[in-house]
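Reproduced below: work_29.cif, with mmCIF, C-alpha atoms.
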data_coords
#
loop_
_atom_site.label_atom_id
_atom_site.label_comp_id
_atom_site.auth_asym_id
_atom_site.auth_seq_id
_atom_site.Cartn_x
_atom_site.Cartn_y
_atom_site.Cartn_z
CA MET A 1 -34.54 58.14 -33.51
CA ILE A 2 -33.82 55.89 -36.45
CA PRO A 3 -34.28 57.46 -39.90
CA LEU A 4 -36.66 54.76 -41.08
CA ASN A 5 -38.63 52.69 -38.62
CA ARG A 6 -40.79 50.14 -40.35
CA ARG A 7 -42.38 49.12 -37.08
CA ALA A 8 -43.46 52.63 -36.28
CA SER A 9 -45.38 53.06 -39.54
CA LEU A 10 -48.36 55.30 -40.11
CA PRO A 11 -51.49 53.98 -38.37
CA ARG A 12 -54.35 52.87 -40.55
CA ALA A 13 -56.99 55.49 -40.98
CA GLY A 14 -60.21 54.60 -39.17
CA MET A 15 -63.22 54.12 -41.45
CA GLU A 16 -66.56 55.73 -40.76
CA TYR A 17 -69.63 55.63 -42.94
CA PHE A 18 -71.53 58.85 -43.49
CA ASP A 19 -75.07 59.42 -44.67
CA ALA A 20 -74.82 62.74 -46.52
CA ARG A 21 -78.58 63.17 -46.49
CA ARG A 22 -78.77 62.94 -42.72
CA LYS A 23 -75.50 64.75 -41.91
CA PRO A 24 -74.75 67.30 -44.62
CA HIS A 25 -72.52 69.29 -42.26
CA ASN A 26 -69.97 66.45 -42.38
CA VAL A 27 -69.20 66.99 -46.09
CA GLY A 28 -66.92 69.91 -45.31
CA LYS A 29 -65.07 67.85 -42.71
CA ILE A 30 -64.56 65.04 -45.20
CA ILE A 31 -63.15 67.42 -47.81
CA ALA A 32 -60.83 68.99 -45.23
CA ALA A 33 -59.63 65.57 -44.13
CA LEU A 34 -58.93 64.55 -47.73
CA VAL A 35 -56.96 67.74 -48.36
CA LEU A 36 -54.96 67.22 -45.16
CA THR A 37 -54.26 63.58 -46.07
CA THR A 38 -53.07 64.61 -49.55
CA VAL A 39 -50.72 67.18 -48.04
CA CYS A 40 -49.34 64.63 -45.56
CA ILE A 41 -48.66 62.11 -48.33
CA PHE A 42 -46.92 64.78 -50.40
CA VAL A 43 -44.70 65.76 -47.45
CA LEU A 44 -43.87 62.12 -46.73
CA LYS A 45 -42.92 61.52 -50.35
CA GLN A 46 -40.45 64.37 -50.18
CA SER A 47 -38.83 63.01 -47.03
CA PRO A 48 -35.90 60.56 -47.11
CA GLY A 49 -37.06 57.07 -46.27
CA PHE A 50 -40.30 57.09 -48.24
CA GLY A 51 -40.91 55.05 -51.37
CA GLY A 52 -37.35 53.77 -51.75
CA ASN A 53 -35.67 57.20 -51.48
CA SER A 54 -34.04 56.23 -48.18
CA VAL A 55 -30.25 56.15 -47.94
CA PHE A 56 -30.75 52.52 -46.92
CA SER A 57 -32.06 51.77 -50.40
CA ARG A 58 -28.91 52.69 -52.28
CA HIS A 59 -25.26 51.70 -52.18
CA GLU A 60 -22.80 54.42 -51.22
CA PRO A 61 -19.04 54.44 -51.73
CA GLY A 62 -17.22 53.89 -48.47
CA VAL A 63 -20.35 52.75 -46.62
CA THR A 64 -21.00 49.08 -45.83
CA HIS A 65 -24.65 48.31 -45.16
CA VAL A 66 -25.12 45.21 -43.00
CA LEU A 67 -28.39 43.39 -42.45
CA VAL A 68 -28.40 42.01 -38.90
CA THR A 69 -31.11 39.40 -38.53
CA GLY A 70 -32.16 38.87 -34.94
CA GLY A 71 -30.55 42.19 -34.06
CA ALA A 72 -32.94 42.78 -31.17
CA GLY A 73 -31.67 39.64 -29.44
CA TYR A 74 -28.84 39.18 -26.98
CA ILE A 75 -25.95 38.49 -29.36
CA GLY A 76 -27.45 40.32 -32.35
CA SER A 77 -27.89 43.58 -30.45
CA HIS A 78 -24.29 43.48 -29.24
CA ALA A 79 -23.15 42.85 -32.82
CA ALA A 80 -25.24 45.77 -34.08
CA LEU A 81 -23.69 48.00 -31.40
CA ARG A 82 -20.18 47.06 -32.49
CA LEU A 83 -20.98 47.56 -36.19
CA LEU A 84 -22.47 50.98 -35.50
CA LYS A 85 -19.44 51.97 -33.41
CA ASP A 86 -17.27 50.96 -36.38
CA ASN A 87 -19.33 53.19 -38.71
CA TYR A 88 -21.24 50.51 -40.57
CA ARG A 89 -24.79 51.19 -41.72
CA VAL A 90 -27.10 48.74 -39.99
CA THR A 91 -30.57 47.38 -40.65
CA ILE A 92 -32.01 45.19 -37.91
CA VAL A 93 -34.76 42.74 -38.82
CA ASP A 94 -36.48 40.99 -35.94
CA ASN A 95 -39.97 39.70 -35.14
CA LEU A 96 -39.36 40.25 -31.40
CA SER A 97 -40.44 36.71 -30.54
CA ARG A 98 -37.17 36.37 -28.63
CA GLY A 99 -35.64 39.81 -29.05
CA ASN A 100 -36.28 43.03 -27.15
CA MET A 101 -37.44 46.32 -28.62
CA GLY A 102 -35.75 47.94 -25.62
CA ALA A 103 -32.36 46.89 -26.99
CA VAL A 104 -33.20 48.49 -30.34
CA LYS A 105 -34.27 51.69 -28.57
CA VAL A 106 -30.92 51.80 -26.78
CA LEU A 107 -29.15 51.58 -30.13
CA GLN A 108 -31.45 54.22 -31.62
CA GLY A 109 -30.57 56.55 -28.77
CA LEU A 110 -26.86 55.98 -29.21
CA PHE A 111 -26.90 56.40 -33.00
CA PRO A 112 -29.73 58.79 -33.92
CA GLN A 113 -28.05 60.19 -37.02
CA PRO A 114 -29.90 59.66 -40.31
CA GLY A 115 -28.65 56.74 -42.34
CA ARG A 116 -27.04 54.87 -39.44
CA LEU A 117 -29.67 52.45 -38.17
CA GLN A 118 -33.13 51.26 -39.10
CA PHE A 119 -35.36 48.63 -37.54
CA ILE A 120 -37.78 46.49 -39.52
CA PHE A 121 -40.34 44.35 -37.74
CA ALA A 122 -40.70 41.18 -39.82
CA ASP A 123 -40.77 37.40 -39.64
CA LEU A 124 -37.99 35.76 -41.65
CA GLY A 125 -40.27 32.80 -42.24
CA ASP A 126 -42.48 35.00 -44.43
CA GLN A 127 -40.99 34.80 -47.92
CA LYS A 128 -42.86 37.86 -49.24
CA SER A 129 -41.66 39.99 -46.34
CA VAL A 130 -38.07 38.82 -46.78
CA ASN A 131 -38.10 39.57 -50.51
CA LYS A 132 -39.65 42.99 -49.89
CA ILE A 133 -36.93 43.83 -47.36
CA PHE A 134 -34.17 42.89 -49.82
CA ALA A 135 -35.91 44.70 -52.70
CA GLU A 136 -36.19 47.95 -50.73
CA ASN A 137 -32.71 47.96 -49.17
CA ALA A 138 -29.21 47.90 -50.63
CA PHE A 139 -27.40 45.42 -48.41
CA ASP A 140 -23.70 44.73 -48.77
CA ALA A 141 -23.60 41.88 -46.27
CA VAL A 142 -25.80 39.80 -43.99
CA MET A 143 -25.05 38.74 -40.43
CA HIS A 144 -27.59 36.02 -39.78
CA PHE A 145 -28.21 35.60 -36.03
CA ALA A 146 -31.98 35.14 -35.95
CA ALA A 147 -32.81 31.72 -34.51
CA VAL A 148 -34.39 29.92 -31.62
CA ALA A 149 -31.43 28.63 -29.65
CA TYR A 150 -32.19 26.45 -26.64
CA VAL A 151 -31.02 22.83 -26.66
CA GLY A 152 -33.64 21.64 -24.19
CA GLU A 153 -36.48 23.40 -25.99
CA SER A 154 -35.34 21.91 -29.30
CA THR A 155 -35.95 18.40 -27.97
CA LEU A 156 -39.50 19.40 -27.03
CA GLU A 157 -40.29 21.34 -30.23
CA PRO A 158 -38.05 19.90 -32.96
CA LEU A 159 -40.22 20.97 -35.90
CA ARG A 160 -40.14 24.56 -34.70
CA TYR A 161 -36.34 24.44 -34.71
CA TYR A 162 -36.05 22.97 -38.19
CA HIS A 163 -38.46 25.55 -39.53
CA ASN A 164 -36.98 28.54 -37.71
CA ILE A 165 -33.32 27.73 -38.29
CA THR A 166 -33.07 25.66 -41.45
CA SER A 167 -36.04 26.88 -43.49
CA ASN A 168 -35.53 30.54 -42.61
CA THR A 169 -31.85 30.36 -43.57
CA LEU A 170 -32.92 28.98 -46.95
CA LEU A 171 -35.25 31.95 -47.46
CA ILE A 172 -32.46 34.36 -46.59
CA LEU A 173 -30.14 32.69 -49.11
CA GLU A 174 -32.79 32.81 -51.83
CA ALA A 175 -33.31 36.52 -51.20
CA MET A 176 -29.55 37.15 -51.24
CA ALA A 177 -29.27 35.32 -54.55
CA SER A 178 -32.19 37.23 -56.08
CA HIS A 179 -30.86 40.62 -55.04
CA GLY A 180 -27.12 40.14 -55.53
CA VAL A 181 -26.02 40.21 -51.89
CA LYS A 182 -22.80 38.22 -51.84
CA THR A 183 -21.45 38.26 -48.26
CA LEU A 184 -22.82 36.12 -45.43
CA ILE A 185 -21.59 35.82 -41.85
CA TYR A 186 -23.49 32.89 -40.37
CA SER A 187 -24.05 32.38 -36.67
CA SER A 188 -23.60 28.66 -36.06
CA THR A 189 -22.83 26.61 -32.98
CA CYS A 190 -20.56 24.01 -31.44
CA ALA A 191 -23.75 21.93 -31.04
CA THR A 192 -23.19 20.78 -34.65
CA TYR A 193 -20.30 18.65 -33.37
CA GLY A 194 -22.42 16.68 -30.92
CA GLU A 195 -20.25 14.81 -28.45
CA PRO A 196 -16.84 14.31 -30.06
CA GLU A 197 -14.49 11.56 -28.94
CA LYS A 198 -11.51 13.92 -28.75
CA MET A 199 -11.03 17.32 -27.15
CA PRO A 200 -10.43 20.08 -27.96
CA ILE A 201 -12.73 20.53 -30.94
CA THR A 202 -11.14 21.70 -34.18
CA GLU A 203 -12.91 22.73 -37.35
CA ALA A 204 -12.05 19.30 -38.77
CA THR A 205 -13.83 17.47 -35.94
CA PRO A 206 -16.65 15.37 -37.46
CA GLN A 207 -20.12 16.85 -37.04
CA PHE A 208 -22.61 14.46 -35.45
CA PRO A 209 -25.16 16.66 -33.64
CA ILE A 210 -27.30 14.92 -31.02
CA ASN A 211 -30.16 17.39 -30.59
CA PRO A 212 -32.54 19.16 -33.00
CA TYR A 213 -30.87 22.53 -32.38
CA GLY A 214 -27.48 21.24 -33.51
CA LYS A 215 -29.01 19.23 -36.35
CA ALA A 216 -30.96 22.24 -37.66
CA LYS A 217 -27.82 24.38 -37.60
CA LYS A 218 -25.80 21.74 -39.41
CA MET A 219 -28.49 21.46 -42.09
CA ALA A 220 -28.36 25.24 -42.53
CA GLU A 221 -24.56 25.08 -42.81
CA ASP A 222 -24.84 22.36 -45.48
CA ILE A 223 -27.30 24.47 -47.50
CA ILE A 224 -24.99 27.48 -47.27
CA LEU A 225 -21.97 25.44 -48.37
CA ASP A 226 -23.82 23.84 -51.29
CA PHE A 227 -25.08 27.21 -52.48
CA SER A 228 -21.63 28.81 -52.16
CA LYS A 229 -20.25 26.13 -54.54
CA SER A 230 -22.91 26.67 -57.19
CA LYS A 231 -22.04 28.29 -60.49
CA GLY A 232 -22.22 32.05 -60.42
CA ALA A 233 -22.85 32.31 -56.68
CA ASP A 234 -19.55 34.15 -56.01
CA MET A 235 -20.38 34.09 -52.32
CA ALA A 236 -18.10 35.29 -49.53
CA VAL A 237 -19.10 33.08 -46.60
CA MET A 238 -17.94 32.93 -43.01
CA ILE A 239 -19.44 30.34 -40.65
CA LEU A 240 -18.73 30.90 -36.96
CA ARG A 241 -19.35 27.97 -34.64
CA TYR A 242 -19.36 29.36 -31.19
CA PHE A 243 -19.51 27.97 -27.76
CA ASN A 244 -21.35 29.11 -24.59
CA VAL A 245 -21.88 32.86 -24.64
CA ILE A 246 -21.79 34.94 -21.46
CA GLY A 247 -21.25 38.56 -20.42
CA SER A 248 -22.61 41.84 -21.71
CA ASP A 249 -21.51 45.23 -22.99
CA PRO A 250 -18.69 46.46 -20.68
CA GLU A 251 -20.20 49.98 -20.70
CA GLY A 252 -23.53 48.68 -19.42
CA ARG A 253 -25.67 49.67 -22.40
CA LEU A 254 -26.91 46.22 -23.36
CA GLY A 255 -27.47 42.91 -21.61
CA GLU A 256 -29.26 39.59 -21.80
CA ALA A 257 -33.00 39.67 -21.15
CA PRO A 258 -34.75 36.41 -22.05
CA ARG A 259 -38.51 36.20 -21.79
CA PRO A 260 -39.70 34.93 -18.37
CA GLU A 261 -41.37 31.89 -19.92
CA LEU A 262 -38.06 30.86 -21.51
CA ARG A 263 -35.92 31.02 -18.39
CA GLU A 264 -36.26 27.28 -17.87
CA HIS A 265 -34.46 26.67 -21.16
CA GLY A 266 -32.08 29.63 -21.02
CA ARG A 267 -28.39 30.04 -20.38
CA ILE A 268 -26.93 29.07 -17.04
CA SER A 269 -25.80 32.68 -16.49
CA GLY A 270 -29.40 33.91 -16.70
CA ALA A 271 -30.56 31.27 -14.22
CA CYS A 272 -27.71 32.16 -11.88
CA PHE A 273 -28.64 35.85 -11.93
CA ASP A 274 -32.33 35.06 -11.42
CA ALA A 275 -31.40 33.04 -8.35
CA ALA A 276 -29.20 35.87 -7.05
CA LEU A 277 -32.04 38.37 -7.58
CA GLY A 278 -34.55 36.11 -5.85
CA VAL A 279 -36.64 35.67 -8.99
CA ILE A 280 -36.28 31.91 -8.57
CA PRO A 281 -35.51 30.09 -5.30
CA GLY A 282 -32.22 28.63 -6.46
CA LEU A 283 -30.12 27.35 -9.34
CA LYS A 284 -30.84 23.94 -10.83
CA VAL A 285 -27.76 22.07 -12.00
CA LYS A 286 -28.83 19.33 -14.39
CA GLY A 287 -26.51 16.35 -14.42
CA THR A 288 -23.88 15.33 -11.87
CA ASP A 289 -22.90 11.95 -13.29
CA TYR A 290 -21.06 12.99 -16.44
CA PRO A 291 -17.59 11.47 -17.03
CA THR A 292 -15.82 14.68 -15.92
CA ALA A 293 -13.68 15.58 -12.90
CA ASP A 294 -16.60 16.83 -10.77
CA GLY A 295 -19.45 15.07 -12.60
CA THR A 296 -20.90 18.24 -14.15
CA CYS A 297 -20.77 19.33 -17.79
CA ILE A 298 -17.70 21.11 -19.11
CA ARG A 299 -18.19 24.05 -21.47
CA ASP A 300 -16.13 26.75 -23.16
CA TYR A 301 -17.55 30.12 -22.06
CA ILE A 302 -16.99 32.95 -24.55
CA ASP A 303 -17.68 36.59 -23.68
CA VAL A 304 -20.17 38.27 -26.02
CA THR A 305 -17.77 41.18 -26.60
CA ASP A 306 -15.13 38.77 -27.92
CA LEU A 307 -17.78 36.99 -29.98
CA VAL A 308 -18.93 40.09 -31.84
CA ASP A 309 -15.30 41.07 -32.41
CA ALA A 310 -14.89 37.73 -34.19
CA HIS A 311 -17.91 38.53 -36.38
CA VAL A 312 -16.54 41.91 -37.40
CA LYS A 313 -13.12 40.43 -38.19
CA ALA A 314 -14.82 37.71 -40.21
CA LEU A 315 -16.75 40.35 -42.14
CA ASN A 316 -13.56 42.26 -42.90
CA LYS A 317 -11.78 39.12 -44.09
CA ALA A 318 -14.63 37.65 -46.17
CA GLU A 319 -13.61 37.12 -49.81
CA PRO A 320 -15.68 36.22 -52.90
CA ARG A 321 -15.73 32.50 -53.79
CA LYS A 322 -14.19 31.57 -50.44
CA VAL A 323 -15.66 29.97 -47.33
CA GLY A 324 -14.20 30.34 -43.86
CA ILE A 325 -15.30 28.09 -41.01
CA TYR A 326 -14.13 28.95 -37.52
CA ASN A 327 -14.60 27.86 -33.94
CA VAL A 328 -15.04 30.83 -31.63
CA GLY A 329 -14.06 29.96 -28.08
CA THR A 330 -11.39 30.50 -25.45
CA GLY A 331 -9.86 27.04 -25.77
CA ARG A 332 -10.46 26.33 -22.09
CA GLY A 333 -13.24 24.20 -20.63
CA ARG A 334 -14.89 25.04 -17.29
CA SER A 335 -17.25 22.78 -15.38
CA VAL A 336 -20.73 23.86 -14.36
CA ASN A 337 -19.60 23.73 -10.72
CA GLU A 338 -16.71 26.10 -11.55
CA PHE A 339 -19.19 28.39 -13.27
CA VAL A 340 -21.51 28.39 -10.25
CA ASP A 341 -18.63 29.26 -7.91
CA ALA A 342 -17.64 32.18 -10.18
CA CYS A 343 -21.26 33.35 -10.30
CA LYS A 344 -21.51 33.31 -6.51
CA LYS A 345 -18.37 35.46 -6.28
CA ALA A 346 -19.56 37.83 -9.01
CA THR A 347 -22.96 38.41 -7.41
CA GLY A 348 -21.89 38.18 -3.78
CA VAL A 349 -24.89 35.92 -3.16
CA ASN A 350 -24.67 32.41 -1.70
CA ILE A 351 -27.01 30.92 -4.26
CA LYS A 352 -28.89 27.78 -3.32
CA ILE A 353 -28.04 24.88 -5.64
CA GLU A 354 -30.36 21.99 -6.49
CA TYR A 355 -28.85 19.05 -8.34
CA LEU A 356 -31.09 17.26 -10.82
CA SER A 357 -30.88 14.53 -13.47
CA ARG A 358 -29.39 15.26 -16.89
CA ARG A 359 -31.15 17.48 -19.41
CA PRO A 360 -32.13 15.69 -22.65
CA GLY A 361 -29.76 16.40 -25.53
CA ASP A 362 -26.84 17.61 -23.42
CA TYR A 363 -23.28 16.32 -23.75
CA ALA A 364 -20.51 15.91 -21.20
CA GLU A 365 -17.60 17.99 -22.45
CA VAL A 366 -17.17 20.60 -25.17
CA TYR A 367 -14.38 23.13 -25.60
CA SER A 368 -12.66 24.60 -28.60
CA ASP A 369 -9.30 24.75 -30.25
CA PRO A 370 -9.18 28.38 -31.49
CA THR A 371 -5.88 27.98 -33.37
CA LYS A 372 -7.39 28.48 -36.83
CA ILE A 373 -9.24 31.72 -36.02
CA ASN A 374 -6.19 32.98 -34.12
CA LYS A 375 -4.00 32.56 -37.21
CA GLU A 376 -6.36 33.41 -40.07
CA LEU A 377 -8.46 36.22 -38.57
CA ASN A 378 -5.95 37.46 -35.98
CA TRP A 379 -8.62 36.93 -33.32
CA THR A 380 -7.99 35.91 -29.74
CA ALA A 381 -10.43 35.97 -26.84
CA GLN A 382 -9.59 38.87 -24.53
CA TYR A 383 -12.29 38.57 -21.87
CA THR A 384 -11.37 35.20 -20.41
CA ASP A 385 -11.79 35.86 -16.69
CA LEU A 386 -15.05 34.03 -15.93
CA LYS A 387 -15.78 35.95 -12.73
CA GLU A 388 -15.13 39.31 -14.42
CA SER A 389 -17.41 38.56 -17.38
CA LEU A 390 -20.14 37.51 -14.97
CA SER A 391 -19.56 40.62 -12.84
CA VAL A 392 -20.08 42.87 -15.88
CA ALA A 393 -23.27 41.02 -16.78
CA TRP A 394 -24.44 41.13 -13.16
CA ARG A 395 -24.15 44.92 -13.03
CA TRP A 396 -26.54 45.17 -15.98
CA GLN A 397 -28.91 42.64 -14.45
CA LYS A 398 -29.04 44.49 -11.13
CA SER A 399 -29.82 47.78 -12.85
CA HIS A 400 -32.39 46.10 -15.13
CA PRO A 401 -34.25 43.61 -12.91
CA HIS A 402 -37.10 43.48 -15.42
CA GLY A 403 -34.84 43.42 -18.46
CA TYR A 404 -35.67 46.06 -21.05
CA GLY A 405 -39.34 46.10 -20.05
CA PRO A 406 -42.27 45.15 -22.30
CA ASN A 407 -41.83 45.24 -26.09
#
This entry written out as structure tokens:
Amino acid sequence: MIPLNRRASLPRAGMEYFDARRKPHNVGKIIAALVLTTVCIFVLKQSPGFGGNSVFSRHEPGVTHVLVTGGAGYIGSHAALRLLKDNYRVTIVDNLSRGNMGAVKVLQGLFPQPGRLQFIFADLGDQKSVNKIFAENAFDAVMHFAAVAYVGESTLEPLRYYHNITSNTLLILEAMASHGVKTLIYSSTCATYGEPEKMPITEATPQFPINPYGKAKKMAEDIILDFSKSKGADMAVMILRYFNVIGSDPEGRLGEAPRPELREHGRISGACFDAALGVIPGLKVKGTDYPTADGTCIRDYIDVTDLVDAHVKALNKAEPRKVGIYNVGTGRGRSVNEFVDACKKATGVNIKIEYLSRRPGDYAEVYSDPTKINKELNWTAQYTDLKESLSVAWRWQKSHPHGYGPN
């Protein structure tokens, strides 16, 4: 169990109205209930975690307390797992609109010791909630993952993406400024580059995003960079622009479990596994007329274990008044057809493929040049075998056909 679970708070006491003239025998019950309530409150006040006495509310020498926004999601939960394994103190904030409480429960089971992990159910779009969280907790750093993150969905609901990504990042920055939290590791995306003329993509490649998801992320990046340059900010900022994430925890503790209604917009790996499990009749490949060798999109697939390793190395290298911007990828592009072949081998299922027209907002070819992160953070992707990463993820999917279950 986590030492302080804001979601599992005390239930509200039910209210009943008594007529003392008609039911005098209830007076004794009322007095007893009041006495019991008073005792309970007293006991709670003496316990760690009540009224700001929690270890999470104070800085401790040798302990780094990291706020992981979106920590119940796919990437965020894997990052929280790695941080906890490395003895960081972790607070997860998530509204569970895309995340899974089951992932948090797994982490709680793995790290039940007091002062290691707490979960707070909150919406980062609620300024009062965000300020309250920062006021009641002593954060040393923020890893900001929380975001809606589907290119196709962003073209259908652009305002939602600008609000969720750009506006919410602004609220996080304001809270950090108000409460003296100086270190930010920001989860960005290669979608900020749009469709560059040259490959591979370096950090100096011009950013011309072509969909609302990429545009919202670039706006958030610009806000972060402007704030970091302001007088007295003294921010240590790392912006990680990563490519297409696949895989899951090699020990099988966590995986990817998108909501059923979001599968249409989700990652190709999720669709591939759904087809292999028979959840959907087959895999839909959108776009076969791109200017690539086989006509399908080319992407740089990065294993989630490598990705969270990059985040931890970025956290360790973050320095006041400095900004680091890094591409996080393997440096090798694979076509969608290559991906499908690897998925068939990983699952052992001859998945039916249906070829469709292009998806709005997609681009033909994107892969990274990881030279900068290799040199400056000493980071190199280790899990680069596409079939192996998919095999690891497939094992989790087979053992969790319904994901983590209901929240």
Exercise for review: Run through the PyMOL selection byres ((chain A and resi 151) around 10) on the given coordinates and return the selected residues as a list of chain:residue names.
Suggested key: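 Evaluating the PyMOL selection byres ((chain A and resi 151) around 10) on this file yields A:Val148, A:Ala149, A:Tyr150, A:Gly152, A:Glu153, A:Ser154, A:Thr155, A:Leu156, A:Pro158, A:Tyr161, A:Ala191, A:Ile210, A:Asn211, A:Pro212, A:Tyr213, A:Gly214, A:His265, A:Gly266, A:Arg267, A:Arg359, A:Pro360, A:Gly361, A:Asp362.
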Please dump the current selection as a PDB file, in the coordinates of the input; keep C-alpha atoms.
ATOM      1  CA  VAL A 148     -34.390  29.920 -31.620  1.00  0.00           C
ATOM      2  CA  ALA A 149     -31.430  28.630 -29.650  1.00  0.00           C
ATOM      3  CA  TYR A 150     -32.190  26.450 -26.640  1.00  0.00           C
ATOM      4  CA  GLY A 152     -33.640  21.640 -24.190  1.00  0.00           C
ATOM      5  CA  GLU A 153     -36.480  23.400 -25.990  1.00  0.00           C
ATOM      6  CA  SER A 154     -35.340  21.910 -29.300  1.00  0.00           C
ATOM      7  CA  THR A 155     -35.950  18.400 -27.970  1.00  0.00           C
ATOM      8  CA  LEU A 156     -39.500  19.400 -27.030  1.00  0.00           C
ATOM      9  CA  PRO A 158     -38.050  19.900 -32.960  1.00  0.00           C
ATOM     10  CA  TYR A 161     -36.340  24.440 -34.710  1.00  0.00           C
ATOM     11  CA  ALA A 191     -23.750  21.930 -31.040  1.00  0.00           C
ATOM     12  CA  ILE A 210     -27.300  14.920 -31.020  1.00  0.00           C
ATOM     13  CA  ASN A 211     -30.160  17.390 -30.590  1.00  0.00           C
ATOM     14  CA  PRO A 212     -32.540  19.160 -33.000  1.00  0.00           C
ATOM     15  CA  TYR A 213     -30.870  22.530 -32.380  1.00  0.00           C
ATOM     16  CA  GLY A 214     -27.480  21.240 -33.510  1.00  0.00           C
ATOM     17  CA  HIS A 265     -34.460  26.670 -21.160  1.00  0.00           C
ATOM     18  CA  GLY A 266     -32.080  29.630 -21.020  1.00  0.00           C
ATOM     19  CA  ARG A 267     -28.390  30.040 -20.380  1.00  0.00           C
ATOM     20  CA  ARG A 359     -31.150  17.480 -19.410  1.00  0.00           C
ATOM     21  CA  PRO A 360     -32.130  15.690 -22.650  1.00  0.00           C
ATOM     22  CA  GLY A 361     -29.760  16.400 -25.530  1.00  0.00           C
ATOM     23  CA  ASP A 362     -26.840  17.610 -23.420  1.00  0.00           C
TER      24      ASP A 362
END
**Study point:** Target residues per the PyMOL selection byres ((chain A and resi 92-106) around 9), formatted as a PyMOL selection string
**Key:** chain A and resi 1-2+66-74+76-77+80+90-91+107-111+117-124+133+146-148+253-255+257-259+403-407
Exercise for review: Please evaluate the PyMOL selection byres ((chain A and resi 197-205) around 6) against the displayed coordinates and give the resulting residues as a list in words.
Suggested key: Pro196, Pro206, Tyr367, Ser368 and Asp369 of chain A
Check your understanding: Distance CA of Tyr162 (chain A)-CA of Gly125 (chain A), one decimal place?
Key -> 11.4 Å
Review point. What is the distance, in Å and to one decimal place, between CA of Arg160 (chain A) and CA of Ala364 (chain A)?
Key: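 For CA of Arg160 (chain A) relative to CA of Ala364 (chain A), the distance reads 25.3 Å.
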List as a Markdown table every residue of region 280-348 of chain A that is in contact with region 216-238 of chain A, defined as an atom at most 8 Å from one of its atoms (using all atoms listed in the file), together with the nearest atom pair and the distance in Å rounded to one decimal, sorted by chain and then rising number.
| residue | atom | partner | partner_atom | distance |
| --- | --- | --- | --- | --- |
| A:Ala314 | CA | A:Met238 | CA | 6.4 |
| A:Leu315 | CA | A:Met238 | CA | 7.6 |
| A:Ala318 | CA | A:Ala236 | CA | 5.4 |
| A:Glu319 | CA | A:Ala236 | CA | 4.9 |
| A:Pro320 | CA | A:Ala236 | CA | 4.3 |
| A:Arg321 | CA | A:Asp234 | CA | 4.7 |
| A:Lys322 | CA | A:Ala236 | CA | 5.5 |
| A:Val323 | CA | A:Val237 | CA | 4.7 |
| A:Gly324 | CA | A:Met238 | CA | 4.6 |
| A:Ile325 | CA | A:Met238 | CA | 5.9 |
| A:Tyr326 | CA | A:Met238 | CA | 7.8 |
Check your understanding: Restricting the calculation to only C-alpha atoms, which member of A:Ala138, A:Cys190, A:Ile298, A:Leu390 is positioned closest to Phe243 (chain A)?
Key ->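 Closest to Phe243 (chain A) of all the choices is A:Cys190.
Distances to Val308 (chain A) were evaluated for A:Glu60, A:Asp249, A:Asp126, A:Glu376 using all atoms listed in the file, and the minimum falls at A:Asp249.
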